[in-house]
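**Student:** Quick one, coords.txt (compact mmCIF, C-alpha atoms):
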# COMPACT_ATOMS: atom_id res chain seq x y z
CA MET A 40 0.00 0.00 0.00
CA ARG A 41 1.17 3.52 -0.79
CA LEU A 42 -0.87 6.11 1.00
CA PHE A 43 -1.16 9.68 -0.25
CA PHE A 44 0.37 11.81 2.47
CA GLY A 45 -0.10 15.49 1.63
CA ALA A 46 -0.26 18.67 3.63
CA LEU A 47 -3.47 17.83 5.43
CA SER A 48 -2.27 14.38 6.48
CA SER A 49 1.09 15.65 7.68
CA LEU A 50 -0.69 18.21 9.81
CA PHE A 51 -2.91 15.46 11.18
CA ILE A 52 0.15 13.54 12.36
CA LEU A 53 1.47 16.57 14.18
CA THR A 54 -1.80 17.39 15.87
CA SER A 55 -3.51 14.01 16.03
CA GLY A 56 -5.01 14.57 19.46
CA THR A 57 -6.27 18.11 18.80
CA LEU A 58 -7.62 17.52 15.31
CA LEU A 59 -9.39 14.33 16.26
CA ALA A 60 -10.97 16.08 19.18
CA GLN A 61 -12.25 18.81 16.87
CA THR A 62 -13.59 16.54 14.14
CA THR A 63 -15.50 14.44 16.69
CA LEU A 64 -16.54 17.34 18.87
CA THR A 65 -20.26 16.82 18.35
CA ARG A 66 -19.91 13.32 19.80
CA ARG A 67 -17.04 14.19 22.17
CA ILE A 68 -14.99 11.03 21.69
CA PRO A 69 -11.80 10.86 23.80
CA ALA A 70 -8.89 10.19 21.45
CA SER A 71 -5.18 9.52 21.62
CA PRO A 72 -2.28 8.59 19.35
CA LEU A 73 -0.44 5.27 19.86
CA SER A 74 -3.73 3.44 19.36
CA PHE A 75 -1.84 0.22 18.64
CA LEU A 76 -1.27 -0.12 22.38
CA THR A 77 -5.01 -0.76 22.78
CA PHE A 78 -5.39 -3.38 20.03
CA ALA A 79 -5.96 -6.90 21.39
CA PRO A 80 -2.83 -8.77 20.25
CA ASP A 81 -3.58 -12.45 20.90
CA ALA A 82 -6.18 -14.72 19.36
CA ARG A 83 -7.51 -16.27 22.58
CA SER A 84 -8.75 -13.06 24.21
CA ALA A 85 -9.62 -11.53 20.83
CA ALA A 86 -12.05 -14.42 20.25
CA MET A 87 -13.69 -13.70 23.62
CA GLY A 88 -14.79 -10.16 22.82
CA GLU A 89 -11.30 -8.74 23.40
CA ALA A 90 -11.60 -9.33 27.15
CA GLY A 91 -8.91 -10.87 29.29
CA VAL A 92 -8.24 -9.04 32.57
CA ALA A 93 -9.49 -11.93 34.72
CA LEU A 94 -9.11 -14.79 32.22
CA SER A 95 -7.05 -17.79 33.31
CA PRO A 96 -3.31 -17.09 32.92
CA ASP A 97 -1.14 -17.81 29.89
CA ALA A 98 1.88 -16.18 28.24
CA ASN A 99 -0.24 -13.29 26.90
CA SER A 100 -1.08 -12.23 30.44
CA THR A 101 1.80 -9.77 29.90
CA TYR A 102 -0.66 -7.67 27.87
CA TRP A 103 -3.95 -8.27 29.69
CA ASN A 104 -2.93 -8.51 33.33
CA ALA A 105 0.65 -9.36 34.21
CA ALA A 106 -0.32 -10.10 37.82
CA LYS A 107 -1.63 -13.47 36.56
CA LEU A 108 1.82 -14.72 35.56
CA PRO A 109 2.74 -16.51 38.86
CA TYR A 110 -0.38 -18.67 38.50
CA ASN A 111 0.75 -20.18 35.21
CA THR A 112 1.14 -23.97 35.44
CA ARG A 113 4.21 -23.90 33.18
CA ASP A 114 7.59 -22.57 34.33
CA ILE A 115 8.34 -20.95 30.96
CA GLY A 116 5.96 -19.69 28.28
CA ILE A 117 6.48 -18.03 24.90
CA SER A 118 3.82 -16.74 22.54
CA ALA A 119 3.81 -15.02 19.13
CA SER A 120 0.73 -13.39 17.56
CA TYR A 121 0.06 -11.92 14.13
CA THR A 122 -2.87 -9.78 12.95
CA PRO A 123 -3.28 -8.36 9.42
CA TRP A 124 -4.81 -4.94 10.16
CA LEU A 125 -7.67 -3.38 8.15
CA ARG A 126 -7.11 -6.03 5.50
CA ASN A 127 -10.38 -5.08 3.80
CA LEU A 128 -8.81 -1.70 2.97
CA VAL A 129 -5.03 -2.18 2.73
CA ASP A 130 -2.57 -5.02 2.28
CA ASP A 131 0.51 -4.04 4.27
CA MET A 132 -0.62 -3.07 7.78
CA TRP A 133 -0.15 -5.61 10.53
CA LEU A 134 0.18 -6.03 14.28
CA GLY A 135 2.69 -8.40 15.86
CA TYR A 136 3.11 -9.35 19.52
CA LEU A 137 5.91 -11.47 20.97
CA THR A 138 6.04 -12.28 24.65
CA GLY A 139 7.72 -14.67 27.05
CA TYR A 140 7.78 -15.24 30.80
CA LYS A 141 9.81 -17.27 33.30
CA LYS A 142 8.62 -18.20 36.75
CA LEU A 143 11.05 -17.69 39.64
CA GLY A 144 9.91 -20.32 42.07
CA ASP A 145 6.19 -20.68 42.81
CA LYS A 146 5.32 -17.06 43.59
CA GLN A 147 7.28 -14.83 41.19
CA ALA A 148 7.66 -14.35 37.48
CA VAL A 149 9.48 -12.05 35.07
CA ALA A 150 8.55 -11.37 31.47
CA LEU A 151 9.52 -9.50 28.32
CA SER A 152 7.27 -8.46 25.44
CA VAL A 153 7.42 -6.59 22.13
CA ASN A 154 4.34 -4.99 20.57
CA TYR A 155 4.97 -3.96 16.92
CA PHE A 156 2.59 -2.19 14.55
CA ASN A 157 3.43 -1.72 10.87
CA ASN A 158 1.39 1.16 9.43
CA GLY A 159 2.46 0.39 5.86
CA GLU A 160 4.35 2.39 3.27
CA LEU A 161 3.58 6.11 3.08
CA ASP A 162 3.83 8.15 -0.11
CA LEU A 163 5.09 11.52 1.16
CA ARG A 164 3.93 14.55 -0.83
CA ASP A 165 3.74 18.26 -0.21
CA ALA A 166 0.71 20.55 -0.58
CA VAL A 167 1.00 20.72 -4.38
CA GLY A 168 1.50 16.98 -4.81
CA THR A 169 5.25 16.89 -5.32
CA GLN A 170 6.60 13.45 -4.46
CA MET A 171 8.97 13.55 -1.46
CA GLY A 172 9.80 9.86 -1.16
CA TYR A 173 8.43 6.83 0.62
CA PHE A 174 8.56 5.85 4.27
CA ASN A 175 7.66 2.67 6.15
CA SER A 176 5.57 3.96 9.05
CA ARG A 177 5.90 1.88 12.22
CA GLU A 178 5.33 1.90 15.98
CA VAL A 179 6.80 -0.34 18.67
CA SER A 180 6.70 -0.90 22.41
CA PHE A 181 9.27 -2.85 24.48
CA ALA A 182 8.16 -3.96 27.94
CA GLY A 183 9.65 -5.67 30.98
CA THR A 184 7.51 -7.12 33.77
CA TYR A 185 7.91 -8.30 37.35
CA SER A 186 4.99 -10.13 38.93
CA ARG A 187 4.68 -11.50 42.46
CA GLN A 188 2.12 -13.45 44.42
CA LEU A 189 1.59 -11.52 47.66
CA ALA A 190 -0.88 -13.94 49.25
CA LYS A 191 -2.32 -17.35 48.47
CA ASN A 192 -4.99 -15.89 46.17
CA PHE A 193 -3.67 -12.39 45.38
CA SER A 194 -0.87 -11.04 43.21
CA MET A 195 0.35 -7.76 41.68
CA ALA A 196 2.68 -6.79 38.85
CA LEU A 197 4.59 -3.82 37.51
CA THR A 198 5.43 -3.37 33.82
CA LEU A 199 7.75 -0.70 32.39
CA LYS A 200 7.63 0.25 28.70
CA TYR A 201 9.61 2.16 26.14
CA ILE A 202 7.39 3.34 23.28
CA SER A 203 8.43 4.69 19.88
CA SER A 204 6.08 5.95 17.17
CA ASN A 205 7.83 6.72 13.87
CA LEU A 206 5.03 7.73 11.50
CA ALA A 207 6.91 9.76 8.89
CA GLY A 208 10.58 9.83 9.86
CA THR A 209 12.38 13.10 10.42
CA SER A 210 11.54 15.72 7.82
CA VAL A 211 10.00 19.11 7.13
CA ILE A 212 6.71 19.15 5.23
CA ASN A 213 4.96 22.46 4.50
CA ASN A 214 7.18 24.24 7.05
CA ALA A 215 6.14 21.77 9.76
CA SER A 216 8.86 19.75 11.42
CA ILE A 217 8.02 16.05 11.76
CA ALA A 218 9.90 13.73 14.09
CA PRO A 219 9.38 10.36 15.79
CA ALA A 220 7.53 10.44 19.11
CA ARG A 221 9.01 8.55 22.05
CA THR A 222 8.03 8.14 25.67
CA ALA A 223 8.12 5.81 28.66
CA ALA A 224 5.10 4.32 30.39
CA GLY A 225 4.10 1.70 32.91
CA ASP A 226 1.34 -0.74 33.86
CA ILE A 227 0.17 -1.59 37.37
CA SER A 228 -2.01 -4.68 37.70
CA ALA A 229 -3.68 -6.79 40.38
CA TYR A 230 -5.32 -10.20 40.33
CA TYR A 231 -7.36 -12.23 42.80
CA ARG A 232 -8.29 -15.88 42.23
CA LYS A 233 -10.20 -18.31 44.43
CA GLN A 234 -10.23 -21.96 43.35
CA ILE A 235 -12.18 -24.91 44.77
CA ARG A 236 -11.30 -28.43 43.60
CA ASN A 237 -12.90 -31.83 44.04
CA GLU A 238 -10.08 -34.35 43.94
CA ASP A 239 -12.49 -37.29 43.64
CA THR A 240 -14.33 -36.13 40.50
CA GLY A 241 -11.69 -33.81 39.02
CA GLY A 242 -14.20 -30.99 39.10
CA GLU A 243 -13.31 -27.43 39.98
CA PHE A 244 -14.85 -23.99 40.39
CA THR A 245 -12.80 -20.78 40.13
CA TRP A 246 -13.77 -17.15 40.32
CA SER A 247 -11.38 -14.30 39.64
CA LEU A 248 -11.12 -10.50 39.66
CA GLY A 249 -8.57 -8.28 37.97
CA ALA A 250 -7.65 -4.61 37.63
CA VAL A 251 -5.10 -2.98 35.31
CA LEU A 252 -3.97 0.61 34.88
CA SER A 253 -2.04 0.49 31.61
CA ASN A 254 0.08 2.94 29.60
CA LEU A 255 0.47 5.53 32.32
CA GLY A 256 3.27 7.71 31.02
CA GLY A 257 4.51 10.89 29.43
CA LYS A 258 2.86 12.70 26.55
CA VAL A 259 4.17 12.46 23.00
CA ASN A 260 4.94 15.14 20.40
CA TYR A 261 5.33 14.42 16.67
CA GLY A 262 7.09 17.67 15.83
CA SER A 263 7.35 21.39 16.37
CA GLY A 264 4.59 22.43 13.98
CA THR A 265 2.01 22.90 16.73
CA ASN A 266 3.98 22.61 19.99
CA THR A 267 1.27 20.24 21.15
CA GLU A 268 1.93 17.22 23.31
CA ASN A 269 -0.66 14.46 23.12
CA PHE A 270 -1.88 12.17 25.89
CA ILE A 271 -1.06 8.51 25.32
CA PRO A 272 -3.86 5.91 25.71
CA THR A 273 -3.78 5.40 29.46
CA THR A 274 -6.54 2.89 30.19
CA LEU A 275 -8.21 1.50 33.30
CA LYS A 276 -9.65 -2.00 32.98
CA LEU A 277 -11.63 -4.00 35.51
CA GLY A 278 -12.59 -7.60 34.91
CA GLY A 279 -14.22 -10.64 36.42
CA GLY A 280 -14.32 -14.29 35.48
CA ILE A 281 -15.89 -17.63 36.37
CA SER A 282 -14.54 -21.03 35.43
CA PHE A 283 -16.07 -24.41 36.24
CA SER A 284 -15.79 -28.06 35.34
CA ALA A 285 -17.90 -30.90 36.71
CA ASP A 286 -15.66 -33.75 35.61
CA GLY A 287 -12.26 -32.25 34.76
CA ARG A 288 -12.83 -33.03 31.10
CA ASN A 289 -15.37 -30.40 30.02
CA LYS A 290 -14.48 -26.88 31.17
CA PHE A 291 -16.30 -23.56 30.73
CA ASN A 292 -14.86 -20.06 31.21
CA PHE A 293 -16.88 -16.81 31.26
CA ILE A 294 -15.30 -13.34 31.47
CA LEU A 295 -16.41 -9.70 31.46
CA ASP A 296 -14.27 -6.54 31.16
CA ALA A 297 -15.03 -2.84 31.55
CA ALA A 298 -12.52 -0.34 30.11
CA LYS A 299 -12.17 3.45 30.38
CA LEU A 300 -9.75 5.47 28.24
CA MET A 301 -8.21 7.95 30.67
CA VAL A 302 -7.63 10.95 28.41
CA PRO A 303 -9.48 14.29 28.54
CA THR A 304 -12.91 14.49 26.94
CA PRO A 305 -13.14 17.14 24.17
CA ASP A 306 -15.05 20.09 25.60
CA GLY A 307 -15.34 22.54 22.71
CA THR A 308 -11.85 24.04 23.08
CA THR A 309 -8.50 23.15 21.51
CA THR A 310 -6.63 23.09 24.82
CA ILE A 311 -7.38 19.62 26.18
CA ASN A 312 -3.83 18.39 25.43
CA GLN A 313 -2.38 21.35 27.32
CA LYS A 314 -3.70 20.03 30.61
CA PRO A 315 -1.02 18.76 33.02
CA LEU A 316 -0.42 15.03 32.68
CA LEU A 317 -1.84 13.74 35.96
CA LYS A 318 -4.67 16.27 36.00
CA GLY A 319 -5.70 15.23 32.50
CA VAL A 320 -5.45 11.48 33.21
CA PHE A 321 -7.19 11.27 36.58
CA GLY A 322 -9.48 14.19 35.80
CA SER A 323 -10.89 12.15 32.90
CA PHE A 324 -13.33 10.57 35.35
CA SER A 325 -15.14 13.88 35.86
CA ASP A 326 -14.46 16.13 32.85
CA ALA A 327 -17.33 15.15 30.52
CA PRO A 328 -19.49 18.23 29.85
CA ASP A 329 -22.75 16.31 30.48
CA GLY A 330 -21.56 14.91 33.78
CA PHE A 331 -21.91 11.41 35.19
CA LYS A 332 -24.19 10.14 32.43
CA GLU A 333 -21.63 11.00 29.76
CA GLU A 334 -18.78 9.59 31.83
CA MET A 335 -20.58 6.25 31.97
CA GLN A 336 -20.93 6.32 28.18
CA GLU A 337 -17.14 6.33 27.91
CA ILE A 338 -16.90 2.85 29.45
CA ALA A 339 -16.60 0.06 26.90
CA LEU A 340 -17.85 -3.42 27.83
CA SER A 341 -16.54 -6.70 26.48
CA GLY A 342 -17.18 -10.29 27.39
CA GLY A 343 -16.88 -13.82 26.18
CA ALA A 344 -17.15 -17.53 26.79
CA GLU A 345 -14.75 -20.40 26.26
CA TYR A 346 -15.29 -24.17 26.20
CA TRP A 347 -12.41 -26.62 26.61
CA TYR A 348 -12.62 -30.34 25.91
CA ASN A 349 -10.05 -32.41 27.80
CA ASN A 350 -7.71 -29.39 27.80
CA ILE A 351 -6.98 -30.14 24.13
CA PHE A 352 -9.58 -28.31 22.01
CA ALA A 353 -11.34 -24.98 22.67
CA LEU A 354 -14.24 -23.03 21.16
CA ARG A 355 -14.73 -19.34 21.92
CA ALA A 356 -17.17 -16.48 21.30
CA GLY A 357 -17.65 -12.93 22.57
CA TYR A 358 -18.91 -9.40 22.10
CA TYR A 359 -17.39 -5.91 22.34
CA GLY A 360 -19.48 -2.75 22.58
CA GLU A 361 -18.96 1.00 22.85
CA ASN A 362 -21.65 3.63 23.29
CA LYS A 363 -22.84 5.10 19.98
CA ASN A 364 -21.71 8.55 21.14
CA LYS A 365 -18.24 7.37 22.17
CA GLY A 366 -16.84 5.51 19.19
CA ASP A 367 -19.69 3.11 18.40
CA ARG A 368 -17.43 0.10 17.81
CA GLN A 369 -19.61 -2.96 18.16
CA PHE A 370 -18.68 -6.44 17.02
CA PHE A 371 -19.00 -10.15 17.72
CA THR A 372 -15.99 -12.44 17.87
CA ALA A 373 -15.40 -16.15 17.53
CA GLY A 374 -12.44 -18.48 17.52
CA ALA A 375 -10.92 -21.83 18.32
CA GLY A 376 -7.75 -23.25 19.82
CA ALA A 377 -5.91 -26.54 20.09
CA ARG A 378 -3.05 -27.94 22.18
CA PHE A 379 -0.52 -30.53 21.06
CA MET A 380 1.77 -32.75 23.13
CA ASP A 381 0.70 -30.75 26.19
CA LYS A 382 3.27 -28.08 25.25
CA TYR A 383 2.27 -26.40 22.00
CA SER A 384 -0.88 -24.49 21.17
CA VAL A 385 -2.40 -22.62 18.24
CA ASP A 386 -5.32 -20.18 18.46
CA PHE A 387 -7.43 -18.38 15.87
CA ALA A 388 -9.89 -15.48 16.18
CA TYR A 389 -12.25 -13.76 13.75
CA LEU A 390 -14.22 -10.52 14.11
CA PHE A 391 -17.79 -9.85 12.89
CA PRO A 392 -18.82 -6.13 12.99
CA VAL A 393 -22.43 -5.37 13.85
CA LYS A 394 -22.61 -2.65 11.17
CA GLN A 395 -21.85 -3.17 7.51
CA GLY A 396 -18.91 -1.29 6.03
CA SER A 397 -16.81 -1.38 9.18
CA PRO A 398 -13.05 -1.18 8.47
CA LEU A 399 -12.57 -3.88 11.12
CA ALA A 400 -14.46 -6.46 9.05
CA GLN A 401 -12.60 -9.73 8.43
CA THR A 402 -10.02 -9.07 11.14
CA LEU A 403 -8.20 -12.36 11.69
CA ARG A 404 -5.69 -13.20 14.42
CA ILE A 405 -3.42 -16.19 14.92
CA THR A 406 -1.30 -17.05 17.97
CA LEU A 407 1.32 -19.77 18.42
CA SER A 408 2.50 -20.64 21.92
CA VAL A 409 4.74 -23.06 23.77
CA GLY A 410 4.93 -23.85 27.49
CA LEU A 411 7.73 -25.78 29.20
CA ASN A 412 8.66 -26.96 32.65
CA LYS A 413 12.21 -27.04 33.99
CA ALA A 414 12.20 -30.84 34.10
CA GLU A 415 11.17 -31.00 30.45
CA LYS A 416 14.09 -28.76 29.53
CA LEU A 417 16.46 -31.12 31.37
CA ASP A 418 15.02 -34.12 29.55
CA VAL A 419 15.75 -32.48 26.21
CA SER A 420 19.30 -31.67 27.28
CA ASP A 421 19.93 -35.22 28.50
CA THR A 422 18.71 -36.65 25.21
CA GLU A 423 21.01 -34.42 23.18
CA ASN A 424 24.03 -35.43 25.27
Here is a file; write its structure as structure tokens.

**Tutor:**
Amino acid sequence: MRLFFGALSSLFILTSGTLLAQTTLTRRIPASPLSFLTFAPDARSAAMGEAGVALSPDANSTYWNAAKLPYNTRDIGISASYTPWLRNLVDDMWLGYLTGYKKLGDKQAVALSVNYFNNGELDLRDAVGTQMGYFNSREVSFAGTYSRQLAKNFSMALTLKYISSNLAGTSVINNASIAPARTAAGDISAYYRKQIRNEDTGGEFTWSLGAVLSNLGGKVNYGSGTNTENFIPTTLKLGGGISFSADGRNKFNFILDAAKLMVPTPDGTTTINQKPLLKGVFGSFSDAPDGFKEEMQEIALSGGAEYWYNNIFALRAGYYGENKNKGDRQFFTAGAGARFMDKYSVDFAYLFPVKQGSPLAQTLRITLSVGLNKAEKLDVSDTEN
């Protein structure tokens, strides 16, 4: 894909937060650059309505709720996910997510993850259409995580991130200076899980709660054309889940998430990005012009269900919904997963928009994962020797 990138688009990059606030002013939709940080990266949660805060742990807990990592049954886990993005419209945008964790004993875990978004090839042009070259627009986030179980059923985690958004390189277009935007951010997460098992029948019942404050960090600036720093997509997510199995062979999981983008609500001015960082982030719970009713409209709900047979094959479905005045993204999801040799797994997810013509139509995700125990690693080493 080669996108036309003229004067108007270059100005949009420099003032993404302000311009988006103006163009959606009548509906007052909170907006932020670095949107790739909010895209569900893995196929399992994506198939369950893009919910996952309180879902049972796996390697992709690094994205959804890193506090779940100590509860993983495997000592080491690695997962890679791939999503062609807006494939109904373009052919070279994609999202990739690579993550891995290692447990340190029974109550601690560390993890690393890379979130990469390829925006495709841009055709840079000035206001009169003169060709200024091509650029591969890309964004990336590197994260490191420490997670610890603080009590039998409760854990917390801290994740630190370095984020880089290079949309058009370093150049001057129409007297506006364009440069990559970089910042640091962090996630704080908590997880509570209560599990009851029947050793005689193999049955179990588990309920869980989770909370994540993600992408809390400095503003970003794409150049000196407007001297405007934009809020990054700081998000608060709360989630709950229930899991039960009567016989240990057939297992059902149900989850529900609520998410709030913690950036200022457009209020009819062009100064929302000039608010101090913490005032803008935490003030986002009370800055909607129509008060509490409008604040509640800014909460997106997502939920899903998952069925496992013998811990080998899974079927999934879910729903994601935003208020019609606050983005109006509404879609159903479905997917499946399978495990092989008790170590390897593959998951797929597919998205079905409620409204026709949605750019998200035909969004497909695939995730490949592997989980190992220390003893299994030693067995492999002994065999090779």

**Student:** Quick check, in Å to one decimal: how far apart do CA of Val302 (chain A) and CA of Asn175 (chain A) lie?

**Tutor:**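 Pair CA of Val302 (chain A) / CA of Asn175 (chain A) returns 28.2 Å.
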
**Student:** How would you write as a PyMOL selection string the residues that get within 6 Å of (-11.0, -6.1, 35.7) in the file's frame, counting all atoms listed in the file?

**Tutor:** chain A and resi 92+248-250+276-279+296

**Student:** Please list as a PyMOL selection string every residue within 7 Å of Val149 (chain A), counting only C-alpha atoms and excluding residues in the same chain fewer than 3 positions away.

**Tutor:** chain A and resi 140-142+184-186

**Student:** With all atoms listed in the file as the atoms that count, which of A:Ser341, A:Thr406, A:Gln147, A:Asn154 lies nearest to Leu295 (chain A)?

**Tutor:**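 Using all atoms listed in the file, the shortest distance to Leu295 (chain A) belongs to A:Ser341.
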
**Student:** Which neighbours of Ser176 (chain A) fall inside 8 Å, counting all atoms listed in the file, when residues of the same chain fewer than 3 positions from it are skipped, and could you give them as a ChimeraX atom specification?

**Tutor:** /A:157-161,205-208

**Student:** If you keep C-alpha atoms, can you produce a file of those selected residues as a compact mmCIF listing (two decimals), keeping the file's coordinate frame?

**Tutor:**
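So the final result, stored in selection.txt, reads:
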# COMPACT_ATOMS: atom_id res chain seq x y z
CA ASN A 157 3.43 -1.72 10.87
CA ASN A 158 1.39 1.16 9.43
CA GLY A 159 2.46 0.39 5.86
CA GLU A 160 4.35 2.39 3.27
CA LEU A 161 3.58 6.11 3.08
CA ASN A 205 7.83 6.72 13.87
CA LEU A 206 5.03 7.73 11.50
CA ALA A 207 6.91 9.76 8.89
CA GLY A 208 10.58 9.83 9.86

**Student:** Record the distance separating CA of Gly374 (chain A) and CA of Ile227 (chain A), expressed in Å with one decimal.

**Tutor:**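 Calculated distance between CA of Gly374 (chain A) and CA of Ile227 (chain A) is 29.0 Å.
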
**Student:** Report the distance between CA of Pro392 (chain A) and CA of Ile68 (chain A) in Å, rounded to one decimal place.

**Tutor:**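 Separation of CA of Pro392 (chain A) and CA of Ile68 (chain A): 19.6 Å.
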
**Student:** Which residue gives the smallest distance to Gly88 (chain A) among A:Ile294, A:Ile351, A:Leu317, A:Met335, with all atoms listed in the file counted?

**Tutor:** A:Ile294

**Student:** Between A:Leu407, A:Leu94, A:Ala86, A:Val179, which residue has the minimum interatomic distance to Ile281 (chain A), considering all atoms listed in the file?

**Tutor:** A:Leu94

**Student:** Which residue out of A:Asn254, A:Tyr261, A:Leu300, A:Leu411 has the minimum interatomic distance to Lys365 (chain A) when only C-alpha atoms are used?

**Tutor:** A:Leu300

**Student:** Give one line per residue of region 178-258 of chain A that approaches region 104-108 of chain A to at most 6 Å, naming the two atoms of the closest pair and their distance in Å to one decimal, counting all atoms listed in the file; sort by chain then ascending residue number and deliver it as a Markdown table.

**Tutor:**
| residue | atom | partner | partner_atom | distance |
| --- | --- | --- | --- | --- |
| A:Ser186 | CA | A:Ala106 | CA | 5.4 |
| A:Ser194 | CA | A:Ala106 | CA | 5.5 |
| A:Met195 | CA | A:Ala106 | CA | 4.6 |
| A:Ala196 | CA | A:Ala106 | CA | 4.6 |
| A:Ser228 | CA | A:Ala106 | CA | 5.7 |
| A:Ala229 | CA | A:Ala106 | CA | 5.4 |
| A:Tyr230 | CA | A:Ala106 | CA | 5.6 |

**Student:** Just need the box for region 378-393 of chain A, edges along x, y and z, holding every atom the file lists for it with 3 Å tacked onto each side, so centre and edge lengths in Å to one decimal, as lines of an AutoDock Vina configuration file.

**Tutor:**
center_x = -9.6
center_y = -19.1
center_z = 19.5
size_x = 31.7
size_y = 33.4
size_z = 19.3

**Student:** I want to know what sits within 10 Å of Glu334 (chain A), based on all atoms listed in the file, with residues of the same chain fewer than 3 positions away left out; could you give that as a PyMOL selection string?

**Tutor:** chain A and resi 299+304+323-331+337-338+365
